[in-house]
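Undergrad: Please find one structure pasted underneath; my questions will follow.
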Amino acid sequence: MPPRRSYDQYCSAARALDLVGDRWTLLIVRELLAGPRRYTDLHADLPGVSTDVLASRLKDMERDGLATRRRLPPPGAATVYELTERGRGLLPVLQAFGAWGEAELGERRPTDAVRAHWFALPLLRALEGLGVRGLVEVRLEEGDFHVRAGKEAADTAPVYGDGPAPAPADARLTLTPPVSEAVARGTLSLAAALRAGDIGVEGEGPVAKALREG
């Protein structure tokens, strides 16, 4: 592969942008934070990216040590991409970037694509802001996903995933579109929505109890 273009600046921000500043790269990281993904799944959940650009970005990420590619054993027998430890270290970067961008969301536009799991990172920020630690299953109109709030940095398990939780959830939340969009925009705090009863909470353990109390 040709050498990556560089800003050629002795600055850590510039060096970081050398690796992740290309269009789509950070959004690929967002998808891979859910764990190993097939190329076709990545393409489906990154509407607007061309096949050539996606393939190029994944090759760049492999070369730069952000992602790896491996073959699953039978019966899966599919090639998947997953983040390295270095790539997983971009989670706080994405979280800070997402928090900064909340003010840019505004009302959803007719042309905006949406996936349920795109709400995982803002919800994770909100849950951890409340001090919640545990496996939380979330039901939205667009679909279900789950997040692992308070996950230890050394834990290599995905921070979120599509569909129901792979193990019994510590709590289950149900959000309507207006509430989920307001929380994502930062115009409604998760705590306020919980206290007002705008979010359904299921579960009997300490995590569910803490969420009911907001």
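Identifiers in the structure tokens: chain A, B, ... in order shown; residue index from 1 per chain; ligand index from 1 in order shown.
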Which residues are close to A:Gly131, i.e. within 12 Å by only C-alpha atoms, leaving aside same-chain residues fewer than 5 positions away? Reply as a compact mmCIF listing (two decimals) with C-alpha atoms, in the first residue's frame.
TA:
```
# COMPACT_ATOMS: atom_id res chain seq x y z
CA LEU A 124 -23.61 4.88 27.58
CA ARG A 125 -22.35 8.38 28.41
CA ALA A 126 -25.60 9.14 30.21
CA ALA A 149 -22.04 0.54 31.38
CA GLY A 150 -18.98 0.98 33.57
CA LYS A 151 -16.95 -1.62 31.67
CA LEU A 190 -31.43 10.71 31.23
CA ALA A 191 -31.94 11.38 34.94
CA VAL A 207 -29.25 -1.40 38.65
CA ALA A 210 -31.14 2.89 40.75
CA LEU A 211 -32.53 3.76 37.32
CA GLY A 214 -33.09 8.48 38.51
```
Undergrad: For stretch 90-94 of chain A, list every protein, DNA or RNA residue within 8 Å, evaluated using only C-alpha atoms, and leave out those in the same chain fewer than 3 positions away; present the list as a list in words.
TA: Leu26, Val29, Arg30, Leu33, Arg86, Gly87, Phe97 and Gly98 of chain A
Undergrad: Only N, CA and C atoms, please: the residues just picked out, written as a PDB file, in the first residue's frame.
TA:
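Result file is out06.pdb:
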```pdb
ATOM      1  N   LEU A  26     -13.647   7.170  11.775  1.00  0.00           N
ATOM      2  CA  LEU A  26     -14.184   7.132  13.135  1.00  0.00           C
ATOM      3  C   LEU A  26     -15.553   6.464  13.190  1.00  0.00           C
ATOM      4  N   VAL A  29     -14.918   2.861  13.391  1.00  0.00           N
ATOM      5  CA  VAL A  29     -14.585   2.542  14.782  1.00  0.00           C
ATOM      6  C   VAL A  29     -15.864   2.423  15.612  1.00  0.00           C
ATOM      7  N   ARG A  30     -16.797   3.370  15.421  1.00  0.00           N
ATOM      8  CA  ARG A  30     -18.076   3.297  16.145  1.00  0.00           C
ATOM      9  C   ARG A  30     -18.752   1.945  15.932  1.00  0.00           C
ATOM     10  N   LEU A  33     -16.865  -1.004  17.703  1.00  0.00           N
ATOM     11  CA  LEU A  33     -16.973  -1.052  19.155  1.00  0.00           C
ATOM     12  C   LEU A  33     -18.048  -2.053  19.588  1.00  0.00           C
ATOM     13  N   ARG A  86      -5.418  -0.805  20.600  1.00  0.00           N
ATOM     14  CA  ARG A  86      -5.195   0.584  20.181  1.00  0.00           C
ATOM     15  C   ARG A  86      -6.471   1.182  19.608  1.00  0.00           C
ATOM     16  N   GLY A  87      -7.183   0.408  18.814  1.00  0.00           N
ATOM     17  CA  GLY A  87      -8.436   0.897  18.246  1.00  0.00           C
ATOM     18  C   GLY A  87      -9.507   1.104  19.295  1.00  0.00           C
ATOM     19  N   PHE A  97     -16.213  13.431  21.252  1.00  0.00           N
ATOM     20  CA  PHE A  97     -16.623  13.999  19.967  1.00  0.00           C
ATOM     21  C   PHE A  97     -18.144  14.023  19.861  1.00  0.00           C
ATOM     22  N   GLY A  98     -18.788  12.928  20.301  1.00  0.00           N
ATOM     23  CA  GLY A  98     -20.245  12.864  20.264  1.00  0.00           C
ATOM     24  C   GLY A  98     -20.886  13.874  21.189  1.00  0.00           C
TER      25      GLY A  98
END
```
Undergrad: So which residues touch A:Asp60 within 10 Å, counting only C-alpha atoms, skipping near sequence neighbours fewer than 3 positions away, as a PyMOL selection string?
TA: chain A and resi 1-4+19-20+22+25+54-57+63-67
Undergrad: In Å, with one decimal, what is the gap from atom CA of A:Pro164 to atom CA of A:Phe145?
TA: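 Spanning atom CA of A:Pro164 to atom CA of A:Phe145 is a straight-line distance of 5.8 Å.
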Undergrad: Which of stretch 28-184 of chain A counts as helix (DSSP H, G or I) under DSSP, as a PyMOL selection string please?
TA: chain A and resi 28-32+39-44+51-63+85-88+91-104+116-129+177-184
Undergrad: Excluding same-chain residues fewer than 4 positions from A:Ala157, what lies within 9 Å of it counting only C-alpha atoms, as a short mmCIF file (atom, residue, chain, number, x, y, z; two decimals) with C-alpha atoms, in the first residue's frame?
TA:
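Heads up, here's the output in out_17.cif:
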```cif
data_model
loop_
_atom_site.label_atom_id
_atom_site.label_comp_id
_atom_site.auth_asym_id
_atom_site.auth_seq_id
_atom_site.Cartn_x
_atom_site.Cartn_y
_atom_site.Cartn_z
CA ALA A 34 -19.90 -3.49 18.93
CA GLY A 35 -17.42 -6.32 18.37
CA ARG A 148 -22.20 -2.47 29.11
CA LYS A 151 -16.95 -1.62 31.67
#
```
Undergrad: I want to know what sits within 10 Å of A:Val147, based on only C-alpha atoms, with residues of the same chain fewer than 6 positions away left out; could you give that as a VMD selection string?
TA: chain A and resid 34 117 120 to 121 123 to 124 127 134 to 138 158 to 162 164 to 165 169
Undergrad: Would you mind writing down, as a PyMOL selection string, each residue of stretch 17-210 of chain A that DSSP on the backbone assigns to strand (DSSP E)?
TA: chain A and resi 37-38+67-71+79-83+134-140+143-149+160-162+171-174+200-202
Undergrad: What does the distance between atom CA of A:Pro122 and atom CA of A:Gly89 come to in Å, to one decimal place?
TA: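 About the pair atom CA of A:Pro122 and atom CA of A:Gly89: they are 17.0 Å apart.
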Undergrad: Tell me which of A:Ala13, A:Ala103, A:Val114, A:Leu83 sits closest to A:Arg37, counting only C-alpha atoms.
TA: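 Closest to A:Arg37, using only C-alpha atoms: A:Leu83.
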Undergrad: Rounded to one decimal place, report the atom CA of A:Ala182-atom CA of A:Ala208 distance in Å.
TA: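 Atom CA of A:Ala182 sits 21.5 Å away from atom CA of A:Ala208.
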Undergrad: Counting only C-alpha atoms, which residues of stretch 99-191 of chain A fall within 12 Å of stretch 197-202 of chain A, and what is the closest atom pair for each with its distance in Å at one decimal, ordered by chain and rising number, as JSON lines?
TA:
```
{"residue": "A:Val136", "atom": "CA", "partner": "A:Glu202", "partner_atom": "CA", "distance": 10.0}
{"residue": "A:Glu137", "atom": "CA", "partner": "A:Glu202", "partner_atom": "CA", "distance": 9.5}
{"residue": "A:Val138", "atom": "CA", "partner": "A:Val201", "partner_atom": "CA", "distance": 9.5}
{"residue": "A:Arg139", "atom": "CA", "partner": "A:Gly200", "partner_atom": "CA", "distance": 9.4}
{"residue": "A:Leu140", "atom": "CA", "partner": "A:Ile199", "partner_atom": "CA", "distance": 10.6}
{"residue": "A:Pro168", "atom": "CA", "partner": "A:Glu202", "partner_atom": "CA", "distance": 12.0}
{"residue": "A:Ala169", "atom": "CA", "partner": "A:Glu202", "partner_atom": "CA", "distance": 9.6}
{"residue": "A:Asp170", "atom": "CA", "partner": "A:Glu202", "partner_atom": "CA", "distance": 8.9}
{"residue": "A:Ala171", "atom": "CA", "partner": "A:Glu202", "partner_atom": "CA", "distance": 5.7}
{"residue": "A:Arg172", "atom": "CA", "partner": "A:Glu202", "partner_atom": "CA", "distance": 5.0}
{"residue": "A:Leu173", "atom": "CA", "partner": "A:Val201", "partner_atom": "CA", "distance": 4.8}
{"residue": "A:Thr174", "atom": "CA", "partner": "A:Gly200", "partner_atom": "CA", "distance": 4.8}
{"residue": "A:Leu175", "atom": "CA", "partner": "A:Ile199", "partner_atom": "CA", "distance": 5.3}
{"residue": "A:Thr176", "atom": "CA", "partner": "A:Ile199", "partner_atom": "CA", "distance": 7.7}
{"residue": "A:Pro177", "atom": "CA", "partner": "A:Ile199", "partner_atom": "CA", "distance": 10.8}
{"residue": "A:Pro178", "atom": "CA", "partner": "A:Asp198", "partner_atom": "CA", "distance": 9.8}
{"residue": "A:Val179", "atom": "CA", "partner": "A:Asp198", "partner_atom": "CA", "distance": 7.2}
{"residue": "A:Ser180", "atom": "CA", "partner": "A:Ile199", "partner_atom": "CA", "distance": 9.1}
{"residue": "A:Ala182", "atom": "CA", "partner": "A:Asp198", "partner_atom": "CA", "distance": 11.4}
{"residue": "A:Val183", "atom": "CA", "partner": "A:Ile199", "partner_atom": "CA", "distance": 10.9}
{"residue": "A:Leu188", "atom": "CA", "partner": "A:Asp198", "partner_atom": "CA", "distance": 10.6}
{"residue": "A:Ser189", "atom": "CA", "partner": "A:Asp198", "partner_atom": "CA", "distance": 11.1}
{"residue": "A:Leu190", "atom": "CA", "partner": "A:Ile199", "partner_atom": "CA", "distance": 8.6}
{"residue": "A:Ala191", "atom": "CA", "partner": "A:Ile199", "partner_atom": "CA", "distance": 9.8}
```
Undergrad: What would the file look like if the residues just selected were written as a PDB file, in the first residue's frame with N, CA and C atoms?
TA:
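Contents of result.pdb, as written:
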```
ATOM      1  N   VAL A 136     -27.218  -3.338  30.297  1.00  0.00           N
ATOM      2  CA  VAL A 136     -28.526  -2.707  30.133  1.00  0.00           C
ATOM      3  C   VAL A 136     -29.039  -2.963  28.718  1.00  0.00           C
ATOM      4  N   GLU A 137     -30.241  -3.508  28.639  1.00  0.00           N
ATOM      5  CA  GLU A 137     -30.895  -3.757  27.353  1.00  0.00           C
ATOM      6  C   GLU A 137     -31.821  -2.585  27.049  1.00  0.00           C
ATOM      7  N   VAL A 138     -31.854  -2.174  25.793  1.00  0.00           N
ATOM      8  CA  VAL A 138     -32.598  -0.975  25.404  1.00  0.00           C
ATOM      9  C   VAL A 138     -33.522  -1.293  24.237  1.00  0.00           C
ATOM     10  N   ARG A 139     -34.766  -0.812  24.360  1.00  0.00           N
ATOM     11  CA  ARG A 139     -35.753  -1.030  23.304  1.00  0.00           C
ATOM     12  C   ARG A 139     -36.157   0.324  22.731  1.00  0.00           C
ATOM     13  N   LEU A 140     -35.917   0.495  21.446  1.00  0.00           N
ATOM     14  CA  LEU A 140     -36.323   1.689  20.720  1.00  0.00           C
ATOM     15  C   LEU A 140     -37.276   1.282  19.606  1.00  0.00           C
ATOM     16  N   PRO A 168     -28.520 -12.421  30.928  1.00  0.00           N
ATOM     17  CA  PRO A 168     -29.596 -11.696  31.613  1.00  0.00           C
ATOM     18  C   PRO A 168     -29.196 -10.256  31.910  1.00  0.00           C
ATOM     19  N   ALA A 169     -30.008  -9.322  31.454  1.00  0.00           N
ATOM     20  CA  ALA A 169     -29.698  -7.903  31.634  1.00  0.00           C
ATOM     21  C   ALA A 169     -29.967  -7.468  33.067  1.00  0.00           C
ATOM     22  N   ASP A 170     -29.172  -6.511  33.532  1.00  0.00           N
ATOM     23  CA  ASP A 170     -29.391  -5.943  34.861  1.00  0.00           C
ATOM     24  C   ASP A 170     -30.599  -5.007  34.866  1.00  0.00           C
ATOM     25  N   ALA A 171     -30.940  -4.493  33.692  1.00  0.00           N
ATOM     26  CA  ALA A 171     -32.113  -3.631  33.556  1.00  0.00           C
ATOM     27  C   ALA A 171     -32.486  -3.552  32.089  1.00  0.00           C
ATOM     28  N   ARG A 172     -33.753  -3.267  31.828  1.00  0.00           N
ATOM     29  CA  ARG A 172     -34.236  -3.072  30.463  1.00  0.00           C
ATOM     30  C   ARG A 172     -34.953  -1.730  30.393  1.00  0.00           C
ATOM     31  N   LEU A 173     -34.566  -0.923  29.400  1.00  0.00           N
ATOM     32  CA  LEU A 173     -35.145   0.399  29.218  1.00  0.00           C
ATOM     33  C   LEU A 173     -35.950   0.445  27.927  1.00  0.00           C
ATOM     34  N   THR A 174     -37.063   1.153  27.954  1.00  0.00           N
ATOM     35  CA  THR A 174     -37.865   1.379  26.758  1.00  0.00           C
ATOM     36  C   THR A 174     -38.031   2.883  26.581  1.00  0.00           C
ATOM     37  N   LEU A 175     -37.634   3.376  25.402  1.00  0.00           N
ATOM     38  CA  LEU A 175     -37.691   4.807  25.122  1.00  0.00           C
ATOM     39  C   LEU A 175     -38.501   5.062  23.861  1.00  0.00           C
ATOM     40  N   THR A 176     -39.330   6.085  23.884  1.00  0.00           N
ATOM     41  CA  THR A 176     -40.053   6.513  22.694  1.00  0.00           C
ATOM     42  C   THR A 176     -39.109   7.348  21.829  1.00  0.00           C
ATOM     43  N   PRO A 177     -39.424   7.514  20.523  1.00  0.00           N
ATOM     44  CA  PRO A 177     -38.559   8.327  19.665  1.00  0.00           C
ATOM     45  C   PRO A 177     -38.320   9.742  20.185  1.00  0.00           C
ATOM     46  N   PRO A 178     -39.352  10.483  20.654  1.00  0.00           N
ATOM     47  CA  PRO A 178     -39.071  11.840  21.144  1.00  0.00           C
ATOM     48  C   PRO A 178     -38.097  11.861  22.311  1.00  0.00           C
ATOM     49  N   VAL A 179     -38.233  10.886  23.217  1.00  0.00           N
ATOM     50  CA  VAL A 179     -37.353  10.861  24.388  1.00  0.00           C
ATOM     51  C   VAL A 179     -35.928  10.486  23.978  1.00  0.00           C
ATOM     52  N   SER A 180     -35.769   9.451  23.160  1.00  0.00           N
ATOM     53  CA  SER A 180     -34.423   9.034  22.762  1.00  0.00           C
ATOM     54  C   SER A 180     -33.716  10.140  21.975  1.00  0.00           C
ATOM     55  N   ALA A 182     -34.300  13.400  22.212  1.00  0.00           N
ATOM     56  CA  ALA A 182     -33.992  14.510  23.126  1.00  0.00           C
ATOM     57  C   ALA A 182     -32.765  14.190  23.975  1.00  0.00           C
ATOM     58  N   VAL A 183     -32.655  12.947  24.429  1.00  0.00           N
ATOM     59  CA  VAL A 183     -31.485  12.541  25.207  1.00  0.00           C
ATOM     60  C   VAL A 183     -30.239  12.603  24.325  1.00  0.00           C
ATOM     61  N   LEU A 188     -32.499  16.800  26.971  1.00  0.00           N
ATOM     62  CA  LEU A 188     -33.172  16.125  28.079  1.00  0.00           C
ATOM     63  C   LEU A 188     -32.172  15.177  28.713  1.00  0.00           C
ATOM     64  N   SER A 189     -31.951  15.332  29.997  1.00  0.00           N
ATOM     65  CA  SER A 189     -31.013  14.421  30.661  1.00  0.00           C
ATOM     66  C   SER A 189     -31.694  13.084  30.913  1.00  0.00           C
ATOM     67  N   LEU A 190     -30.893  12.044  30.942  1.00  0.00           N
ATOM     68  CA  LEU A 190     -31.435  10.715  31.233  1.00  0.00           C
ATOM     69  C   LEU A 190     -32.061  10.699  32.621  1.00  0.00           C
ATOM     70  N   ALA A 191     -31.420  11.349  33.573  1.00  0.00           N
ATOM     71  CA  ALA A 191     -31.945  11.378  34.938  1.00  0.00           C
ATOM     72  C   ALA A 191     -33.316  12.035  34.984  1.00  0.00           C
TER      73      ALA A 191
END
```
